[in-house]
>>> print(open('final34.cif').read())   # mmCIF, C-alpha atoms
data_data
#
loop_
_atom_site.label_atom_id
_atom_site.label_comp_id
_atom_site.auth_asym_id
_atom_site.auth_seq_id
_atom_site.Cartn_x
_atom_site.Cartn_y
_atom_site.Cartn_z
CA LYS Z 1 0.00 0.00 0.00
CA LYS Z 2 1.58 3.24 -1.16
CA GLY Z 3 1.48 6.65 0.43
CA TYR Z 4 0.81 9.76 -1.62
CA ARG Z 5 1.75 13.41 -1.62
CA VAL Z 6 -0.64 15.93 -3.17
CA ASP Z 7 0.66 19.38 -4.13
CA LEU Z 8 -2.02 22.02 -4.69
CA ILE Z 9 -1.40 24.53 -7.48
CA SER Z 10 -3.19 27.24 -9.38
CA VAL Z 11 -2.55 28.11 -13.03
CA THR Z 12 -2.97 31.64 -14.35
CA SER Z 13 -4.40 32.50 -17.75
CA THR Z 14 -0.83 32.88 -19.02
CA GLY Z 15 0.16 29.42 -17.81
CA VAL Z 16 2.08 30.49 -14.67
CA ILE Z 17 1.92 27.83 -11.98
CA ASN Z 18 1.65 29.01 -8.36
CA LYS Z 19 1.39 27.17 -5.06
CA ASN Z 20 -2.19 27.15 -3.81
CA LYS Z 21 -2.59 26.88 -0.04
CA GLU Z 22 -5.98 25.50 0.98
CA LYS Z 23 -7.55 24.08 4.10
CA VAL Z 24 -8.36 20.36 4.06
CA LEU Z 25 -11.03 18.90 6.34
CA GLY Z 26 -10.81 21.86 8.71
CA MET Z 27 -7.05 21.66 9.13
CA ARG Z 28 -4.70 24.58 8.56
CA LYS Z 29 -3.86 25.87 5.08
CA SER Z 30 -1.10 24.13 3.15
CA ASP Z 31 -0.15 23.62 -0.48
CA SER Z 32 1.21 20.12 0.16
CA TRP Z 33 -0.58 17.23 1.88
CA ILE Z 34 0.68 13.76 2.74
CA PHE Z 35 -1.73 10.81 2.53
CA TYR Z 36 -0.29 8.35 5.05
CA ALA Z 37 -1.08 4.72 4.17
CA ILE Z 38 -1.27 3.51 7.83
CA TYR Z 39 0.07 0.24 6.40
CA SER Z 40 1.90 -0.93 9.52
CA ASP Z 41 -0.99 -0.41 11.94
CA GLY Z 42 -3.64 -3.10 11.80
CA THR Z 43 -5.85 -1.21 14.25
CA LYS Z 44 -5.71 2.06 12.24
CA VAL Z 45 -6.10 4.03 15.47
CA ARG Z 46 -2.54 4.24 16.81
CA ASP Z 47 -1.49 7.48 15.10
CA GLN Z 48 -4.78 9.23 15.81
CA PHE Z 49 -4.65 8.17 19.46
CA ASN Z 50 -1.07 9.32 19.87
CA THR Z 51 -1.57 12.73 18.23
CA ARG Z 52 -4.56 13.37 20.46
CA ILE Z 53 -2.60 12.47 23.60
CA TRP Z 54 0.08 15.05 22.82
CA ASP Z 55 -2.55 17.55 21.65
CA ARG Z 56 -4.27 17.39 25.05
CA LEU Z 57 -1.08 17.13 27.08
CA GLY Z 58 1.38 19.61 25.61
CA ALA Z 59 0.73 20.86 22.08
CA TRP Z 60 -1.11 23.95 23.34
CA ASP Z 61 0.85 24.45 26.56
CA THR Z 62 3.09 27.21 25.21
CA PRO Z 63 2.94 31.03 25.16
CA TYR Z 64 1.96 30.85 21.48
CA ASP Z 65 -1.48 30.56 19.90
CA THR Z 66 -0.57 27.68 17.63
CA ARG Z 67 -0.43 23.90 17.89
CA PHE Z 68 3.06 22.60 18.72
CA GLY Z 69 2.17 19.25 17.21
CA THR Z 70 0.00 17.80 14.50
CA SER Z 71 -3.55 16.57 13.88
CA MET Z 72 -4.86 13.80 11.68
CA LYS Z 73 -8.02 13.19 9.66
CA TYR Z 74 -9.14 9.88 8.18
CA VAL Z 75 -10.04 9.68 4.51
CA GLU Z 76 -10.95 6.94 2.05
CA LEU Z 77 -8.88 7.44 -1.06
CA VAL Z 78 -10.01 6.90 -4.63
CA VAL Z 79 -7.43 7.38 -7.43
CA ASN Z 80 -8.70 7.52 -11.01
CA GLY Z 81 -11.82 5.63 -9.98
CA GLU Z 82 -9.91 2.93 -8.10
CA TYR Z 83 -10.53 2.55 -4.37
CA ARG Z 84 -7.21 2.57 -2.50
CA GLY Z 85 -8.45 2.19 1.07
CA LEU Z 86 -8.19 4.10 4.36
CA TYR Z 87 -5.56 6.82 4.71
CA GLY Z 88 -4.61 9.48 7.23
CA ILE Z 89 -3.92 13.11 6.38
CA PHE Z 90 -1.61 14.90 8.80
CA GLU Z 91 -0.92 18.57 9.35
CA PRO Z 92 2.84 18.82 8.79
CA VAL Z 93 5.04 19.86 11.72
CA ASP Z 94 6.96 22.63 9.97
CA SER Z 95 7.90 26.29 10.21
CA MET Z 96 4.38 27.37 9.31
CA GLN Z 97 2.78 25.14 11.93
CA LEU Z 98 5.09 26.41 14.69
CA GLU Z 99 5.20 29.98 13.36
CA ILE Z 100 8.98 29.93 13.00
CA SER Z 101 10.21 33.30 11.73
CA ASP Z 102 13.31 33.97 9.62
CA GLN Z 103 15.21 34.67 12.85
CA GLU Z 104 14.12 31.42 14.50
CA TYR Z 105 15.13 27.81 13.94
CA LEU Z 106 13.52 24.40 13.61
CA TYR Z 107 15.57 21.21 13.79
CA LYS Z 108 14.43 17.62 13.40
CA ARG Z 109 16.06 14.56 14.89
CA THR Z 110 15.56 11.80 12.34
CA TYR Z 111 18.12 9.17 13.31
CA GLY Z 112 19.51 8.06 16.64
CA ARG Z 113 23.08 9.36 16.87
CA GLU Z 114 25.14 10.59 19.81
CA LEU Z 115 25.03 14.38 20.02
CA LEU Z 116 28.39 15.89 20.93
CA ALA Z 117 29.85 19.35 20.31
CA GLU Z 118 33.13 17.82 19.18
CA THR Z 119 31.26 15.80 16.55
CA MET Z 120 29.63 18.98 15.28
CA ASP Z 121 33.14 20.47 14.95
CA SER Z 122 34.49 17.46 13.08
CA VAL Z 123 32.15 17.67 10.07
CA ALA Z 124 30.41 20.35 8.00
CA PRO Z 125 26.68 21.06 8.58
CA SER Z 126 25.98 19.32 5.26
CA GLU Z 127 26.96 16.04 6.98
CA TYR Z 128 24.94 16.52 10.18
CA LEU Z 129 22.07 14.32 8.97
CA THR Z 130 24.40 11.37 8.45
CA VAL Z 131 26.67 11.91 11.46
CA LEU Z 132 24.27 13.45 14.00
CA GLY Z 133 20.91 12.35 12.62
CA MET Z 134 19.83 16.01 12.61
CA GLU Z 135 18.10 18.11 9.94
CA LEU Z 136 17.60 21.87 9.66
CA LYS Z 137 14.02 22.53 8.50
CA GLY Z 138 12.57 25.50 6.65
CA ARG Z 139 15.78 26.52 4.94
CA ASN Z 140 17.61 25.45 1.82
CA GLY Z 141 19.88 22.55 2.67
CA GLN Z 142 21.51 22.12 6.06
CA GLY Z 143 22.57 25.75 6.47
CA ASN Z 144 25.86 26.94 7.94
CA GLU Z 145 27.45 27.03 11.38
CA GLU Z 146 25.48 30.16 12.32
CA ASP Z 147 22.21 28.34 11.56
CA TRP Z 148 23.21 25.60 14.02
CA LYS Z 149 24.33 27.92 16.82
CA CYS Z 150 21.12 27.51 18.83
CA PHE Z 151 21.19 23.73 18.67
CA ARG Z 152 24.89 23.65 19.54
CA THR Z 153 24.12 25.66 22.69
CA PHE Z 154 21.68 22.93 23.71
CA VAL Z 155 24.20 20.15 23.01
CA GLU Z 156 26.90 21.94 25.03
CA MET Z 157 24.48 22.39 27.91
CA CYS Z 158 23.75 18.64 27.94
CA GLN Z 159 27.49 17.93 28.06
CA SER Z 160 28.17 20.39 30.88
CA ASP Z 161 28.66 19.62 34.55
CA ASP Z 162 25.59 19.36 36.74
CA GLU Z 163 25.83 22.84 38.24
CA THR Z 164 26.12 24.48 34.83
CA PHE Z 165 23.32 22.31 33.47
CA ARG Z 166 20.96 23.42 36.23
CA ALA Z 167 21.82 27.09 35.72
CA GLU Z 168 21.51 27.04 31.93
CA ALA Z 169 18.48 24.75 31.59
CA GLU Z 170 15.92 27.27 32.82
CA LYS Z 171 17.38 29.94 30.56
CA LEU Z 172 17.29 27.86 27.38
CA LEU Z 173 14.32 25.53 27.92
CA ASN Z 174 10.65 26.27 28.40
CA MET Z 175 10.15 24.30 31.59
CA ASP Z 176 6.41 23.75 31.06
CA ASN Z 177 7.23 22.14 27.73
CA VAL Z 178 9.95 20.06 29.40
CA ALA Z 179 7.47 18.82 32.00
CA ASP Z 180 4.91 17.98 29.31
CA ILE Z 181 7.49 16.03 27.30
CA TRP Z 182 8.67 14.19 30.40
CA LEU Z 183 5.12 13.15 31.30
CA TYR Z 184 4.45 12.13 27.71
CA LEU Z 185 7.56 9.95 27.52
CA GLN Z 186 7.02 8.41 30.95
CA MET Z 187 3.35 7.65 30.38
CA MET Z 188 3.90 5.86 27.07
CA TYR Z 189 7.49 4.63 27.42
CA ALA Z 190 7.88 6.44 24.11
CA GLU Z 191 10.82 4.55 22.63
CA ASP Z 192 10.63 6.38 19.29
CA ASN Z 193 11.13 9.79 20.87
CA ILE Z 194 14.01 8.99 23.21
CA TYR Z 195 16.77 8.93 20.61
CA LYS Z 196 15.02 10.22 17.47
CA ASN Z 197 11.66 11.47 16.14
CA MET Z 198 11.71 14.83 17.88
CA PHE Z 199 11.50 18.42 16.63
CA PHE Z 200 13.52 21.15 18.37
CA ALA Z 201 11.97 24.59 17.88
CA PHE Z 202 13.98 27.63 18.96
CA LYS Z 203 11.73 30.67 19.39
CA LYS Z 204 13.23 34.13 19.83
CA GLU Z 205 11.81 35.65 23.01
CA SER Z 206 12.50 38.83 24.97
CA ASP Z 207 15.37 37.28 26.95
CA GLY Z 208 16.88 35.21 24.15
CA TYR Z 209 16.14 31.95 22.38
CA ARG Z 210 13.89 29.41 24.07
CA MET Z 211 13.68 25.76 22.98
CA TYR Z 212 10.47 23.76 22.63
CA LEU Z 213 10.25 20.02 21.93
CA VAL Z 214 7.62 18.50 19.65
CA PRO Z 215 7.36 14.67 19.34
CA TRP Z 216 6.31 12.78 16.22
CA ASP Z 217 6.05 9.18 14.96
CA THR Z 218 5.48 6.48 17.60
CA ASP Z 219 5.14 3.23 15.64
CA LEU Z 220 7.72 1.40 17.77
CA THR Z 221 6.20 2.74 20.99
CA TRP Z 222 2.84 1.20 20.16
CA GLY Z 223 4.14 -2.25 19.29
CA ASN Z 224 5.92 -2.35 15.94
CA THR Z 225 9.33 -4.02 16.10
CA TYR Z 226 12.34 -3.67 13.84
CA VAL Z 227 12.69 -6.54 11.36
CA ASP Z 228 15.71 -6.52 9.08
CA ASP Z 229 13.80 -7.81 6.09
CA GLY Z 230 12.96 -5.94 2.91
CA GLU Z 231 9.38 -7.21 2.86
CA GLN Z 232 8.66 -6.98 6.58
CA LEU Z 233 10.67 -3.88 7.54
CA TYR Z 234 9.04 -2.24 10.58
CA VAL Z 235 5.74 -4.02 9.89
CA GLN Z 236 5.91 -6.85 12.41
CA TRP Z 237 3.88 -6.11 15.53
CA SER Z 238 4.42 -7.31 19.10
CA ARG Z 239 1.95 -7.25 21.97
CA ASN Z 240 4.81 -6.72 24.42
CA MET Z 241 5.87 -3.10 24.07
CA ARG Z 242 9.59 -2.84 24.61
CA ARG Z 243 10.63 -0.72 27.55
CA LEU Z 244 14.01 0.94 27.70
CA SER Z 245 16.03 0.99 30.88
CA GLY Z 246 16.68 4.48 32.12
CA MET Z 247 13.20 5.80 31.27
CA ALA Z 248 11.91 6.03 34.83
CA VAL Z 249 13.80 9.08 36.03
CA SER Z 250 12.52 12.01 38.00
CA GLY Z 251 12.89 15.71 37.43
CA PRO Z 252 12.60 17.85 34.30
CA ALA Z 253 16.12 17.22 33.02
CA LEU Z 254 16.39 16.10 29.43
CA ASN Z 255 19.90 14.73 29.53
CA TRP Z 256 18.77 11.10 29.73
CA MET Z 257 17.21 11.54 26.29
CA TRP Z 258 20.67 11.99 24.81
CA GLU Z 259 22.39 9.17 26.66
CA TYR Z 260 25.04 10.89 28.71
CA PRO Z 261 26.06 8.21 31.25
CA GLY Z 262 26.58 9.48 34.76
CA LYS Z 263 24.76 12.78 34.28
CA VAL Z 264 22.96 13.78 37.48
CA ALA Z 265 19.43 15.15 37.15
CA PRO Z 266 18.32 18.22 39.18
CA ASP Z 267 16.80 15.95 41.83
CA GLY Z 268 20.12 14.12 42.28
CA ARG Z 269 19.31 10.97 40.36
CA THR Z 270 21.33 9.48 37.54
CA PRO Z 271 19.65 8.30 34.30
CA THR Z 272 19.36 4.79 35.71
CA GLY Z 273 18.56 5.84 39.26
#
>>> encode(input="final34.cif", output="structure tokens")
Amino acid sequence: KKGYRVDLISVTSTGVINKNKEKVLGMRKSDSWIFYAIYSDGTKVRDQFNTRIWDRLGAWDTPYDTRFGTSMKYVELVVNGEYRGLYGIFEPVDSMQLEISDQEYLYKRTYGRELLAETMDSVAPSEYLTVLGMELKGRNGQGNEEDWKCFRTFVEMCQSDDETFRAEAEKLLNMDNVADIWLYLQMMYAEDNIYKNMFFAFKKESDGYRMYLVPWDTDLTWGNTYVDDGEQLYVQWSRNMRRLSGMAVSGPALNWMWEYPGKVAPDGRTPTG
């Protein structure tokens, strides 16, 4: 079962093609919509359930009047008269959704890689996706070192000693968002979002940049397991959701998400304490 992307355009009388942003099923305006095949979810409710959990828990718990997350609508798709089945349409988590200005930054963690400042120094930003598993969204390509300055500040904070971490965390992070993310991860044992599948939005506020986390994609959390097979890749499902050691930690610290052994959280615990 294939997924589809639909780009909306308008054509002028002279043949000029323009992007055409339109609302779909009550969702926000966009000129590009993804029809998700929901092929790996036999129940067809997992993604809807998960997006609603975050929507109620943290997507609106920010100083901004916009959803820091996504929403999904079900559709039955017919292509050229042929019925293709049940699909899900998602609002994209992008610069428009999070109202990211030209002076703000949105990063996406796509792959699980260790995040270290020295690694960022060892390669050019064009290689960050491969080496760090990180993407810069809303700009052409991966940007330059200046475009990654905000994210580097976060990485350096996570590598710092405990006293520095405590002092810098409240300056850089929105602590309500941190608490929401912590509850979300703890409640669901959200394996997908521990080492990947997270957006990092840096909003420019009166006292500097503030970081907000936005989760996405939880197929492994809700039972899918990795199968190294071309025909069964990520499709096999298990009733026993895998739980990662080190998830049950207290306090709002995020350092356990980036696997820094021995880091002490603000309440004195270690990631495995």
>>> resolve_selection(input="final34.cif", expression="the PyMOL selection byres ((chain Z and resi 202) around 7)", output="PyMOL selection string")
chain Z and resi 104-106+200-201+203-204+209-212
>>> closest_residue(input="final34.cif", among="Z:Ala59, Z:Cys150, Z:Ala37, Z:Val45", to="Gln97 of chain Z", atoms="only C-alpha atoms")
Z:Ala59
>>> closest_residue(input="final34.cif", among="Z:Tyr83, Z:Lys2, Z:Asp7, Z:Leu77", to="Ser40 of chain Z", atoms="only C-alpha atoms")
Z:Lys2
>>> residues_around(input="final34.cif", residues="Ile181 of chain Z", least_positions_apart="2", cutoff="12 Å", atoms="all atoms listed in the file", output="count of residues only")
39
>>> closest_residue(input="final34.cif", among="Z:Ser95, Z:Thr43, Z:Ser160, Z:Asn197", to="Thr66 of chain Z", atoms="all atoms listed in the file")
Z:Ser95
>>> resolve_selection(input="final34.cif", expression="the PyMOL selection byres ((chain Z and resi 111-124) around 7)", output="PyMOL selection string")
chain Z and resi 109-110+125-127+131-133+152+155-156+195-196+258
>>> resolve_selection(input="final34.cif", expression="the PyMOL selection byres ((chain Z and resi 30) around 9)", output="number ranges by chain")
Z: 7-8, 20-24, 27-29, 31-33, 91-92, 96
>>> residues_around(input="final34.cif", residues="Val79 of chain Z", least_positions_apart="2", cutoff="12 Å", atoms="all atoms listed in the file", output="list of chain:residue names")
Z:Lys2, Z:Gly3, Z:Tyr4, Z:Val6, Z:Phe35, Z:Glu76, Z:Leu77, Z:Gly81, Z:Glu82, Z:Tyr83, Z:Arg84, Z:Gly85
>>> atom_distance(input="final34.cif", atom1="atom CA of Thr62 of chain Z", atom2="atom CA of Gly141 of chain Z")
28.5 Å
>>> atom_distance(input="final34.cif", atom1="atom CA of Met134 of chain Z", atom2="atom CA of Tyr107 of chain Z")
6.8 Å
>>> atom_distance(input="final34.cif", atom1="atom CA of Gly208 of chain Z", atom2="atom CA of Gln142 of chain Z")
22.8 Å
